[in-house]
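Engineer: So here's query-v9.txt, just compact mmCIF, C-alpha atoms and all ligand atoms:
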```txt
# COMPACT_ATOMS: atom_id res chain seq x y z
CA MET L 45 11.14 -31.52 26.82
CA ARG L 46 14.86 -31.14 26.22
CA GLU L 47 16.94 -34.04 27.49
CA GLY L 48 18.38 -33.39 30.94
CA LEU L 49 16.09 -30.42 31.51
CA ASP L 50 13.79 -31.54 34.26
CA THR L 51 13.48 -28.20 35.99
CA PHE L 52 14.73 -24.61 35.69
CA ASN L 53 18.41 -24.38 34.80
CA GLU L 54 20.31 -22.26 37.31
CA GLU L 55 23.47 -21.98 35.21
CA LEU L 56 22.36 -19.87 32.32
CA THR L 57 24.61 -17.71 30.23
CA ILE L 58 24.22 -17.12 26.49
CA PRO L 59 21.24 -18.99 25.01
CA LYS L 60 21.72 -21.86 22.58
CA ASN L 61 21.42 -21.18 18.82
CA THR L 62 22.83 -17.69 19.35
CA THR L 63 24.97 -16.06 16.64
CA ASN L 64 27.84 -13.68 17.43
CA THR L 65 25.83 -10.77 16.06
CA PHE L 66 22.95 -11.62 18.29
CA VAL L 67 25.33 -11.74 21.24
CA LEU L 68 26.56 -8.25 20.32
CA MET L 69 23.00 -6.99 20.02
CA LEU L 70 22.02 -8.64 23.30
CA SER L 71 24.90 -7.06 25.14
CA GLN L 72 23.59 -3.61 24.12
CA ILE L 73 20.11 -4.35 25.49
CA VAL L 74 21.39 -6.16 28.54
CA LYS L 75 23.32 -3.02 29.56
CA ARG L 76 19.98 -1.20 29.76
CA CYS L 77 18.05 -3.85 31.71
CA SER L 78 18.15 -5.07 35.29
CA PRO L 79 17.80 -8.76 36.10
CA LEU L 80 14.79 -9.98 38.05
CA PRO L 81 15.41 -11.24 41.59
CA SER L 82 17.42 -14.48 41.40
CA SER L 83 14.56 -16.49 42.89
CA SER L 84 12.42 -15.72 39.80
CA LYS L 85 11.47 -18.59 37.48
CA ILE L 86 10.20 -17.29 34.17
CA MET L 87 8.11 -19.24 31.67
CA ILE L 88 7.48 -17.90 28.17
CA LEU L 89 4.66 -19.63 26.32
CA GLY L 90 4.94 -19.16 22.55
CA ALA L 91 8.57 -18.14 22.16
CA GLY L 92 8.30 -17.04 18.51
CA PHE L 93 9.76 -13.76 17.27
CA SER L 94 9.09 -11.67 20.40
CA GLY L 95 9.10 -14.40 23.05
CA ASN L 96 12.43 -15.82 21.91
CA HIS L 97 13.99 -12.37 21.99
CA ILE L 98 12.70 -11.58 25.48
CA ALA L 99 13.96 -14.98 26.67
CA ALA L 100 17.41 -14.35 25.20
CA VAL L 101 17.72 -11.02 27.03
CA LEU L 102 16.50 -12.50 30.33
CA LYS L 103 18.92 -15.42 30.01
CA SER L 104 21.78 -13.03 29.30
CA LEU L 105 20.84 -11.16 32.46
CA GLY L 106 21.29 -14.45 34.33
CA ASN L 107 17.61 -15.18 34.95
CA SER L 108 16.09 -18.66 34.73
CA VAL L 109 13.78 -18.94 31.73
CA LEU L 110 12.01 -21.82 30.02
CA CYS L 111 10.28 -21.41 26.67
CA SER L 112 7.61 -23.34 24.81
CA ARG L 113 7.07 -23.78 21.11
CA ARG L 114 4.82 -26.25 19.33
CA ASN L 115 7.78 -28.26 18.16
CA LEU L 116 10.93 -29.04 20.11
CA GLU L 117 13.06 -28.64 16.98
CA LYS L 118 12.24 -24.93 16.69
CA PRO L 119 14.92 -22.47 17.94
CA GLY L 120 14.70 -21.66 21.61
CA ALA L 121 12.24 -24.44 22.51
CA ASP L 122 12.80 -25.97 25.95
CA PHE L 123 9.50 -27.85 26.00
CA VAL L 124 6.44 -28.32 23.84
CA PHE L 125 3.17 -26.56 24.48
CA ASP L 126 0.55 -26.89 21.77
CA SER L 127 -2.98 -26.09 22.84
CA GLU L 128 -4.26 -28.44 20.15
CA ALA L 129 -2.27 -31.39 21.47
CA PRO L 130 -3.25 -33.36 24.57
CA SER L 131 0.04 -33.05 26.51
CA LEU L 132 0.69 -30.26 29.02
CA PRO L 133 3.96 -28.74 30.24
CA PRO L 134 5.43 -30.93 33.02
CA LYS L 135 3.83 -30.24 36.41
CA ASN L 136 7.15 -29.99 38.28
CA ILE L 137 8.11 -27.06 36.05
CA LEU L 138 4.73 -25.32 36.27
CA ASN L 139 4.88 -25.56 40.05
CA GLU L 140 8.00 -23.38 40.18
CA VAL L 141 6.97 -20.56 37.81
CA THR L 142 6.88 -17.06 39.35
CA HIS L 143 6.63 -15.07 36.07
CA LEU L 144 4.55 -16.22 33.12
CA LEU L 145 4.44 -14.48 29.74
CA SER L 146 1.98 -15.61 27.08
CA CYS L 147 2.83 -14.60 23.52
CA ILE L 148 0.23 -16.94 21.99
CA PRO L 149 -2.56 -15.41 19.90
CA PRO L 150 -6.24 -16.46 20.24
CA THR L 151 -7.34 -19.73 18.63
CA LYS L 152 -9.43 -19.71 15.44
CA ASP L 153 -12.49 -19.90 17.71
CA GLY L 154 -11.37 -16.77 19.52
CA GLU L 155 -10.39 -18.49 22.75
CA ASP L 156 -7.20 -18.08 24.71
CA PRO L 157 -5.06 -21.23 24.26
CA VAL L 158 -3.26 -20.84 27.59
CA LEU L 159 -6.31 -20.18 29.73
CA ASN L 160 -8.13 -23.01 27.97
CA LYS L 161 -5.47 -25.59 28.63
CA LEU L 162 -3.74 -24.46 31.82
CA ASN L 163 -6.51 -22.80 33.79
CA ALA L 164 -6.65 -25.61 36.31
CA HIS L 165 -2.93 -25.22 37.04
CA LEU L 166 -2.54 -21.45 36.99
CA LYS L 167 -4.15 -20.82 40.37
CA SER L 168 -1.83 -23.22 42.16
CA MET L 169 1.34 -21.78 40.61
CA PRO L 170 3.40 -19.30 42.72
CA LEU L 171 2.78 -16.54 40.16
CA GLU L 172 3.94 -13.02 41.02
CA TRP L 173 3.44 -11.57 37.53
CA VAL L 174 1.59 -12.70 34.41
CA GLY L 175 2.08 -10.88 31.11
CA TYR L 176 -0.21 -11.22 28.13
CA LEU L 177 0.96 -9.93 24.74
CA SER L 178 -2.08 -8.33 23.12
CA THR L 179 -2.50 -5.93 20.23
CA THR L 180 -3.44 -2.29 19.83
CA GLY L 181 -6.03 -3.54 17.32
CA VAL L 182 -8.44 -3.71 20.29
CA TYR L 183 -8.72 0.12 20.15
CA GLY L 184 -10.26 0.01 16.67
CA ASN L 185 -10.30 3.09 14.46
CA TYR L 186 -9.43 6.45 16.08
CA GLU L 187 -9.35 8.37 12.77
CA GLY L 188 -5.64 9.18 13.28
CA ASP L 189 -6.04 10.44 16.87
CA TRP L 190 -3.82 9.45 19.79
CA VAL L 191 -5.11 6.58 21.90
CA LYS L 192 -4.09 5.69 25.43
CA GLU L 193 -4.88 2.80 27.76
CA THR L 194 -7.84 4.50 29.44
CA ASP L 195 -9.59 5.35 26.16
CA PRO L 196 -12.56 3.22 25.11
CA VAL L 197 -11.83 0.06 23.12
CA LYS L 198 -13.98 -0.32 20.02
CA PRO L 199 -12.60 -3.27 18.05
CA LYS L 200 -14.06 -3.66 14.59
CA GLN L 201 -12.25 -6.66 13.13
CA THR L 202 -13.25 -10.13 14.33
CA ARG L 203 -9.63 -10.87 15.28
CA SER L 204 -9.55 -7.72 17.45
CA LYS L 205 -12.86 -8.62 19.12
CA ASN L 206 -11.40 -12.07 19.87
CA ARG L 207 -8.28 -10.44 21.24
CA LEU L 208 -10.28 -8.20 23.54
CA ALA L 209 -12.24 -11.23 24.77
CA CYS L 210 -8.92 -12.95 25.59
CA GLU L 211 -7.67 -9.85 27.43
CA GLN L 212 -10.90 -9.84 29.44
CA SER L 213 -10.56 -13.54 30.28
CA TRP L 214 -7.03 -12.93 31.56
CA GLN L 215 -8.21 -9.95 33.59
CA ALA L 216 -11.02 -12.04 35.09
CA SER L 217 -8.57 -14.79 36.08
CA GLU L 218 -7.67 -13.13 39.41
CA LEU L 219 -4.01 -13.67 38.58
CA PRO L 220 -1.50 -10.75 38.80
CA VAL L 221 -2.03 -9.99 35.09
CA GLN L 222 -0.58 -7.17 33.04
CA ILE L 223 -1.93 -6.71 29.51
CA LEU L 224 0.77 -5.49 27.10
CA ARG L 225 -0.73 -3.94 23.96
CA LEU L 226 1.60 -3.99 20.96
CA PRO L 227 1.35 -2.27 17.57
CA GLY L 228 3.25 -3.61 14.49
CA ILE L 229 6.31 -5.55 15.63
CA TYR L 230 9.55 -5.27 13.67
CA GLY L 231 13.19 -6.16 14.17
CA PRO L 232 16.16 -7.75 12.39
CA GLY L 233 14.87 -10.08 9.68
CA ARG L 234 11.33 -8.71 9.90
CA SER L 235 11.06 -5.13 8.72
CA ALA L 236 10.55 -2.82 5.74
CA LEU L 237 14.10 -3.73 4.68
CA GLN L 238 12.85 -7.20 3.71
CA ASN L 239 9.96 -5.62 1.76
CA ILE L 240 12.42 -3.59 -0.30
CA GLN L 241 14.79 -6.54 -0.75
CA SER L 242 11.93 -8.72 -2.01
CA GLY L 243 11.63 -6.33 -4.96
CA LYS L 244 7.85 -6.55 -4.65
CA SER L 245 7.22 -3.59 -2.39
CA LYS L 246 5.34 -0.49 -3.40
CA ILE L 247 4.60 2.76 -1.67
CA ILE L 248 0.92 3.08 -0.94
CA GLU L 249 -0.26 6.63 -0.62
CA LYS L 250 -3.18 7.30 1.71
CA PRO L 251 -3.03 10.86 3.03
CA GLY L 252 -3.32 11.08 6.83
CA GLN L 253 -2.84 7.33 7.40
CA VAL L 254 -0.24 6.33 9.98
CA PHE L 255 0.82 3.12 11.70
CA SER L 256 2.39 2.70 15.13
CA ARG L 257 5.17 0.20 15.61
CA ILE L 258 7.65 -1.21 18.09
CA HIS L 259 11.13 -2.70 17.71
CA VAL L 260 11.51 -6.15 19.28
CA ASP L 261 14.40 -4.84 21.47
CA ASP L 262 11.95 -2.46 23.12
CA ILE L 263 9.37 -5.22 23.61
CA ALA L 264 12.05 -7.09 25.57
CA GLY L 265 13.37 -3.97 27.33
CA ALA L 266 9.93 -2.67 28.31
CA ILE L 267 8.62 -6.03 29.52
CA ILE L 268 11.67 -6.67 31.70
CA TYR L 269 11.33 -3.11 33.03
CA LEU L 270 7.63 -3.74 33.83
CA MET L 271 8.40 -7.09 35.49
CA ASN L 272 10.91 -5.32 37.74
CA LEU L 273 8.43 -2.53 38.53
CA ALA L 274 5.86 -5.16 39.50
CA THR L 275 8.30 -6.60 42.06
CA LYS L 276 8.25 -3.10 43.62
CA GLY L 277 4.44 -3.14 43.72
CA GLU L 278 3.70 -1.06 40.60
CA ARG L 279 1.68 -3.00 38.03
CA PRO L 280 -0.74 -1.01 35.85
CA SER L 281 -3.24 -3.46 34.39
CA ILE L 282 -2.80 -2.38 30.75
CA VAL L 283 0.29 -0.86 29.13
CA ASN L 284 0.86 0.17 25.50
CA ILE L 285 4.36 -0.61 24.25
CA ALA L 286 4.88 1.59 21.20
CA ASP L 287 7.59 3.91 19.92
CA ASN L 288 7.33 7.72 19.87
CA ILE L 289 6.49 8.37 16.25
CA PRO L 290 3.54 6.79 14.44
CA THR L 291 4.47 7.09 10.77
CA SER L 292 3.03 6.60 7.30
CA SER L 293 3.98 3.49 5.40
CA MET L 294 5.41 5.82 2.73
CA GLU L 295 7.96 7.31 5.15
CA ILE L 296 9.02 3.88 6.37
CA ILE L 297 9.48 2.38 2.91
CA SER L 298 11.29 5.50 1.67
CA TYR L 299 13.67 5.45 4.62
CA ALA L 300 14.31 1.71 4.22
CA ALA L 301 15.08 2.27 0.53
CA SER L 302 17.50 5.09 1.38
CA LEU L 303 19.30 2.90 3.95
CA LEU L 304 19.69 0.16 1.35
CA GLU L 305 20.70 2.76 -1.27
CA CYS L 306 17.93 1.49 -3.55
CA SER L 307 15.64 3.50 -5.76
CA LEU L 308 12.16 4.09 -4.41
CA PRO L 309 9.55 1.45 -5.23
CA PRO L 310 6.59 2.58 -7.36
CA ILE L 311 3.97 4.79 -5.70
CA GLU L 312 0.33 3.73 -5.91
CA SER L 313 -2.74 5.44 -4.50
CA PHE L 314 -4.66 3.55 -1.82
CA GLU L 315 -7.74 3.55 -4.08
CA ILE L 316 -5.86 1.52 -6.70
CA ALA L 317 -3.80 -0.62 -4.30
CA SER L 318 -6.85 -1.60 -2.22
CA LYS L 319 -8.40 -3.36 -5.22
CA THR L 320 -5.78 -6.14 -5.06
CA MET L 321 -5.09 -6.19 -1.30
CA SER L 322 -5.79 -9.28 0.80
CA PRO L 323 -8.71 -8.84 3.24
CA MET L 324 -6.17 -8.96 6.11
CA ALA L 325 -4.00 -6.18 4.61
CA LEU L 326 -7.09 -4.13 3.83
CA SER L 327 -8.30 -4.43 7.43
CA PHE L 328 -5.06 -2.81 8.67
CA TRP L 329 -5.50 0.13 6.30
CA GLU L 330 -9.11 0.62 7.46
CA GLU L 331 -7.94 1.68 10.92
CA ASN L 332 -5.90 4.75 11.75
CA ARG L 333 -4.58 5.53 15.23
CA ARG L 334 -1.55 6.93 17.00
CA VAL L 335 -0.72 4.70 19.98
CA SER L 336 0.42 6.69 22.99
CA ASN L 337 3.36 5.43 25.08
CA GLN L 338 2.97 8.14 27.72
CA LEU L 339 2.10 5.68 30.49
CA LEU L 340 5.15 3.50 29.77
CA CYS L 341 7.68 6.21 28.99
CA LYS L 342 6.53 9.30 30.86
CA TYR L 343 4.77 8.00 33.96
CA LEU L 344 6.55 4.65 34.47
CA GLY L 345 9.93 5.91 33.25
CA TYR L 346 10.91 3.40 30.56
CA GLU L 347 13.49 4.80 28.12
CA LEU L 348 13.05 3.49 24.57
CA ILE L 349 16.07 1.85 22.92
CA HIS L 350 14.67 2.76 19.47
CA PRO L 351 12.48 5.86 19.93
CA ASP L 352 11.50 5.92 16.25
CA TYR L 353 11.62 3.96 13.00
CA LYS L 354 14.87 5.60 11.89
CA SER L 355 16.81 4.30 14.90
CA GLY L 356 15.05 0.94 14.65
CA LEU L 357 15.60 0.38 10.93
CA LYS L 358 19.26 1.42 11.17
CA ASP L 359 19.67 -1.17 13.90
CA CYS L 360 17.97 -3.84 11.75
CA LEU L 361 20.35 -3.07 8.88
CA ILE L 362 23.44 -3.24 11.10
CA GLN L 363 22.34 -6.52 12.69
CA GLU L 364 21.51 -8.09 9.34
CA GLN L 365 24.78 -6.94 7.71
CA SER L 366 26.93 -8.20 10.59
CA SER L 367 25.01 -11.46 10.63
CA ARG L 368 25.78 -11.96 6.91
CA MET L 369 29.47 -11.19 7.50
CA ILE L 370 29.70 -13.78 10.27
CA ASN L 371 27.63 -16.55 8.64
N1 LIG J 401 3.35 -9.46 14.53
C1 LIG J 401 2.87 -8.30 14.92
O1 LIG J 401 3.12 -7.24 14.29
C2 LIG J 401 2.02 -8.23 16.16
C3 LIG J 401 1.50 -6.98 16.54
C4 LIG J 401 0.79 -6.88 17.73
C5 LIG J 401 0.59 -8.02 18.52
N2 LIG J 401 1.06 -9.24 18.09
C6 LIG J 401 0.82 -10.39 18.96
O2 LIG J 401 1.90 -10.45 19.88
C7 LIG J 401 2.23 -11.83 20.16
C8 LIG J 401 3.67 -12.08 19.77
O3 LIG J 401 3.86 -11.75 18.41
P1 LIG J 401 5.03 -12.43 17.55
O4 LIG J 401 5.00 -11.77 16.23
O5 LIG J 401 6.26 -12.49 18.36
O6 LIG J 401 4.39 -13.90 17.43
P2 LIG J 401 4.95 -15.21 16.70
O7 LIG J 401 6.37 -15.07 16.29
O8 LIG J 401 3.95 -15.57 15.66
O9 LIG J 401 4.85 -16.26 17.90
C9 LIG J 401 3.63 -16.76 18.35
C10 LIG J 401 3.91 -17.94 19.23
O10 LIG J 401 2.68 -18.57 19.60
C11 LIG J 401 2.82 -19.98 19.45
N3 LIG J 401 1.51 -20.55 19.20
C12 LIG J 401 0.61 -20.20 18.24
N4 LIG J 401 -0.51 -20.94 18.36
C13 LIG J 401 -0.30 -21.79 19.40
C14 LIG J 401 -1.10 -22.78 20.02
N5 LIG J 401 -2.32 -23.08 19.58
N6 LIG J 401 -0.58 -23.46 21.08
C15 LIG J 401 0.67 -23.18 21.53
N7 LIG J 401 1.46 -22.23 20.99
C16 LIG J 401 0.98 -21.54 19.93
C17 LIG J 401 3.76 -20.14 18.27
O11 LIG J 401 4.33 -21.44 18.33
P3 LIG J 401 5.52 -21.89 17.33
O12 LIG J 401 6.73 -21.20 17.84
O13 LIG J 401 5.59 -23.35 17.44
O14 LIG J 401 5.10 -21.40 15.96
C18 LIG J 401 4.77 -19.02 18.53
O15 LIG J 401 5.77 -19.46 19.42
C19 LIG J 401 1.22 -12.66 19.37
O16 LIG J 401 0.13 -12.94 20.19
C20 LIG J 401 0.81 -11.73 18.25
O17 LIG J 401 -0.46 -12.05 17.75
C21 LIG J 401 1.78 -9.36 16.95
```
Written as C-alpha cells, how would this file's structure read?
Ligand SMILES: NC(=O)c1ccc[n+]([C@@H]2O[C@H](COP(=O)([O-])OP(=O)(O)OC[C@H]3O[C@@H](n4cnc5c(N)ncnc54)[C@H](OP(=O)(O)O)[C@@H]3O)[C@@H](O)[C@H]2O)c1

Structural biologist:
Amino acid sequence: MREGLDTFNEELTIPKNTTNTFVLMLSQIVKRCSPLPSSSKIMILGAGFSGNHIAAVLKSLGNSVLCSRRNLEKPGADFVFDSEAPSLPPKNILNEVTHLLSCIPPTKDGEDPVLNKLNAHLKSMPLEWVGYLSTTGVYGNYEGDWVKETDPVKPKQTRSKNRLACEQSWQASELPVQILRLPGIYGPGRSALQNIQSGKSKIIEKPGQVFSRIHVDDIAGAIIYLMNLATKGERPSIVNIADNIPTSSMEIISYAASLLECSLPPIESFEIASKTMSPMALSFWEENRRVSNQLLCKYLGYELIHPDYKSGLKDCLIQEQSSRMIN
C-alpha cells in the first residue's frame, strides 16, 4: 500500500508517472467521457496495459480510483494484490468500493484469482457495478462469420474454456456483473508498429482469415460509458468491445509499414509459416471470426474513438513520436 494512502483519495488530478504526451492523449479521451457520480469509489484489480489506462482516464475525469498490481513498484500501483500471495487488499478500502473492474486473467488452473481470494468480501462490499475483462476467444471458431453476444459460445482452446468458466463463475456470483469481451488489444507501445520496428515481422498470407481488435482508448471509453449507463439502470450482462473492421494481419502489417515509411516485410504463406509458429500463435490462426460491436455501438450508443485500425495505428504513431520528442 502506498504510504499515506489509507483510503480513497478525493483530490485526484493527473495520475502519477504520467508523461506530457499521455496527458495530451488523455485530454482527448476525457473530452469524450463523462465522470461517474462523485460518490463512486472505483477499484481496478490488475492495472496492467488496459487497467492502468482506464484508471488514468477515470482519474483525469476526477473520479476516485485505486489500482492493484502484484508489485508496488510497478507503474500505477496503489496497493498489492497477488492471488498467489497470502495478503489481501486492506479491508477499509474494500468496504468503500462501489465499482470493481477485474483485468486479471484466469490462473494456470483455470480459476478466477479475484473470486478465489476475495469471494468472502465481495458480497459485503457496496458494489453497484462489477466489470470482468474477458476475451472473444470464448466464441471459438466462426469460420469468418460475424459473432454477437447472444450467439453460442464454443471455445476450443483450453485457455478459452478456462475463460468461459471464469465468466460463468462471475455471472453466478449474484453481483451486478458485466462481462466485457475483448478481441486483440493494441495501443501506443503495443501494436503492429513495434512488429515492424523489431525487423522480425513477416506478412502471413491466409486467405479469408481476419482478426478483430480494439484500441486501448476505446476499452477505457467504452467501459466508462457502460459504467455510466449502469448507473441509469441499463446493464447488459455481456458486451463485446471491438472496433468496426475485422482485418487480415496482412492489411495491418502493410498499413503499419506504410505509416513508418518502411518497405514491406517478406510475405509467407500460412502453410509455411505455421511450421515454425509457437503453439500459442498457431491457436490464434486456427480461429476466424468477426466480432460484432452492434450492441455496444448501435443499441447502447457508444461512439468509437478509433473505429478502425487505420485511425488506431495513426494514433499509436503520433503518441509514440511525441513521447520520443519529450523524453
Ligand atoms: N492482450 C490482449 O490482446 C487481450 C485480448 C483479449 C482479452 N485480454 C484479457 O484482458 C485483460 C486485460 O488485458 P491486458 O493486456 O491489459 O492485461 P495485462 O497488461 O497483462 O494485465 C494483467 C493484469 O493482471 C495482473 N495479474 C496477473 N495475474 C495475477 C494474479 N495471479 N494475481 C493478481 N494480479 C494478477 C497483472 O499484474 P502485474 O501488473 O503485477 O503484472 C496485470 O496487472 C486480461 O485478462 C487479458 O487476458 C487480453

Engineer: Listing only residues of chain L within 8 Å of ligand LIG 401 (chain J), what is the closest atom pair and its distance in Å (to one decimal) for each, using all atoms listed in the file, sorted by chain and residue number ascending, as a tab-separated table?

Structural biologist:
```
residue	atom	partner	partner_atom	distance
L:Leu89	CA	J:LIG401	N7	6.7
L:Gly90	CA	J:LIG401	O15	3.3
L:Ala91	CA	J:LIG401	O15	4.1
L:Gly92	CA	J:LIG401	O7	3.5
L:Phe93	CA	J:LIG401	O7	3.8
L:Ser94	CA	J:LIG401	O5	3.6
L:Gly95	CA	J:LIG401	O5	5.8
L:Asn96	CA	J:LIG401	O5	7.9
L:Ser112	CA	J:LIG401	O15	6.9
L:Arg113	CA	J:LIG401	O13	4.0
L:Arg114	CA	J:LIG401	O13	3.5
L:Asn115	CA	J:LIG401	O13	5.4
L:Lys118	CA	J:LIG401	O12	6.8
L:Ala121	CA	J:LIG401	O12	7.9
L:Phe125	CA	J:LIG401	C15	5.1
L:Asp126	CA	J:LIG401	N6	3.7
L:Ser127	CA	J:LIG401	N6	4.0
L:Glu128	CA	J:LIG401	N5	5.7
L:Ser146	CA	J:LIG401	O16	7.6
L:Cys147	CA	J:LIG401	C7	4.4
L:Ile148	CA	J:LIG401	O10	3.8
L:Pro149	CA	J:LIG401	O16	3.7
L:Pro150	CA	J:LIG401	O16	7.3
L:Thr151	CA	J:LIG401	N5	6.1
L:Pro157	CA	J:LIG401	N5	5.7
L:Val158	CA	J:LIG401	N6	7.5
L:Leu177	CA	J:LIG401	O2	5.0
L:Ser178	CA	J:LIG401	C5	5.3
L:Thr179	CA	J:LIG401	C5	4.1
L:Thr180	CA	J:LIG401	C4	6.6
L:Gly181	CA	J:LIG401	C4	7.6
L:Arg225	CA	J:LIG401	C5	6.9
L:Leu226	CA	J:LIG401	C4	4.4
L:Pro227	CA	J:LIG401	C4	4.6
L:Gly228	CA	J:LIG401	O1	3.6
L:Ile229	CA	J:LIG401	O1	3.9
L:Tyr230	CA	J:LIG401	O1	6.8
L:Arg257	CA	J:LIG401	O1	7.8
```

Engineer: For a quick check of understanding, using all atoms listed in the file, which of L:Leu132, L:Leu344, L:Leu361, L:Val101 has the smallest distance to Arg234 of chain L?

Structural biologist: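 Closest to Arg234 of chain L of all the choices is L:Leu361.
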
Engineer: To one decimal in Å, tell me the separation between atom CA of Asp153 of chain L and atom CA of Val221 of chain L.

Structural biologist: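 One can read the atom CA of Asp153 of chain L to atom CA of Val221 of chain L distance as 22.6 Å.
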
Engineer: If you measure from atom CA of Ile86 of chain L to atom CA of Ala209 of chain L, what distance in Å do you get, rounded to one decimal?

Structural biologist: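 Pair atom CA of Ile86 of chain L / atom CA of Ala209 of chain L returns 25.1 Å.
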
Engineer: Point out the residue among L:Thr51, L:Asn272, L:Asn160, L:Ser293 with the least atom-to-atom distance to Ile248 of chain L, counting all atoms listed in the file.

Structural biologist: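 Closest residue, counting all atoms listed in the file: L:Ser293.
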
Engineer: Counting only C-alpha atoms, which residue out of L:Ile282, L:Val260, L:Ala301, L:Met271 sits closest to Trp214 of chain L?

Structural biologist: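 Closest residue, counting only C-alpha atoms: L:Ile282.
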
Engineer: Taking 6 positions as the minimum chain separation for residues in the same chain, which residues sit within 10 Å of Ile289 of chain L when counting all atoms listed in the file? Answer as a list in words.

Structural biologist: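 My list of contacting residues is Val254, Phe255, Ser256, Arg257, Ile258, Arg334, Val335, Ser336, Asn337, Pro351, Asp352, Tyr353 and Lys354 of chain L.
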
Engineer: Quick one: everything within 7 Å of Gln363 of chain L, counting all atoms listed in the file, minus sequence neighbours fewer than 3 positions away in the same chain. Send it as number ranges by chain.

Structural biologist: L: 65, 232, 359-360, 366-367

Engineer: Name the closest residue to Gly265 of chain L among the candidates L:Ala317, L:Ile296, L:Leu340, L:Val124; distances are taken between atoms, counting only C-alpha atoms.

Structural biologist: L:Leu340

Engineer: From the list L:Val141, L:Cys306, L:Leu219, L:Val197, which residue is nearest Leu159 of chain L when using only C-alpha atoms?

Structural biologist: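 So, comparing all the options, the nearest one is L:Leu219.
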
Engineer: List the spatial neighbours of Ile137 of chain L as number ranges by chain - criterion: any atom at most 12 Å away, only C-alpha atoms, same-chain residues fewer than 5 positions off excluded.

Structural biologist: L: 45, 49-53, 85-87, 108-112, 122-123, 132, 142, 144, 165, 169-170

Engineer: Near Leu273 of chain L, within 12 Å and counting all atoms listed in the file, which residues show up once chain neighbours fewer than 3 positions away are dropped, as a VMD selection string?

Structural biologist: chain L and resid 77 to 81 172 to 173 222 266 to 270 276 to 280 340 344 to 346

Engineer: Please determine, counting all atoms listed in the file, which residue among L:Arg207, L:Ala129, L:Lys198, L:Gly243 has the shortest atom-to-atom distance to Asp156 of chain L.

Structural biologist: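 When distances to Asp156 of chain L are compared using all atoms listed in the file, the smallest one comes from L:Arg207.
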
Engineer: Just want the 8 Å neighbourhood of Gln201 of chain L, counted on only C-alpha atoms, with same-chain residues fewer than 2 positions away dropped. Output as a PyMOL selection string.

Structural biologist: chain L and resi 184+199+203-205+327

Engineer: May I ask for the distance between atom CA of Ser298 of chain L and atom CA of Asn185 of chain L, given in Å to one decimal place?

Structural biologist: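 Atom CA of Asn185 of chain L lies 25.2 Å from atom CA of Ser298 of chain L.
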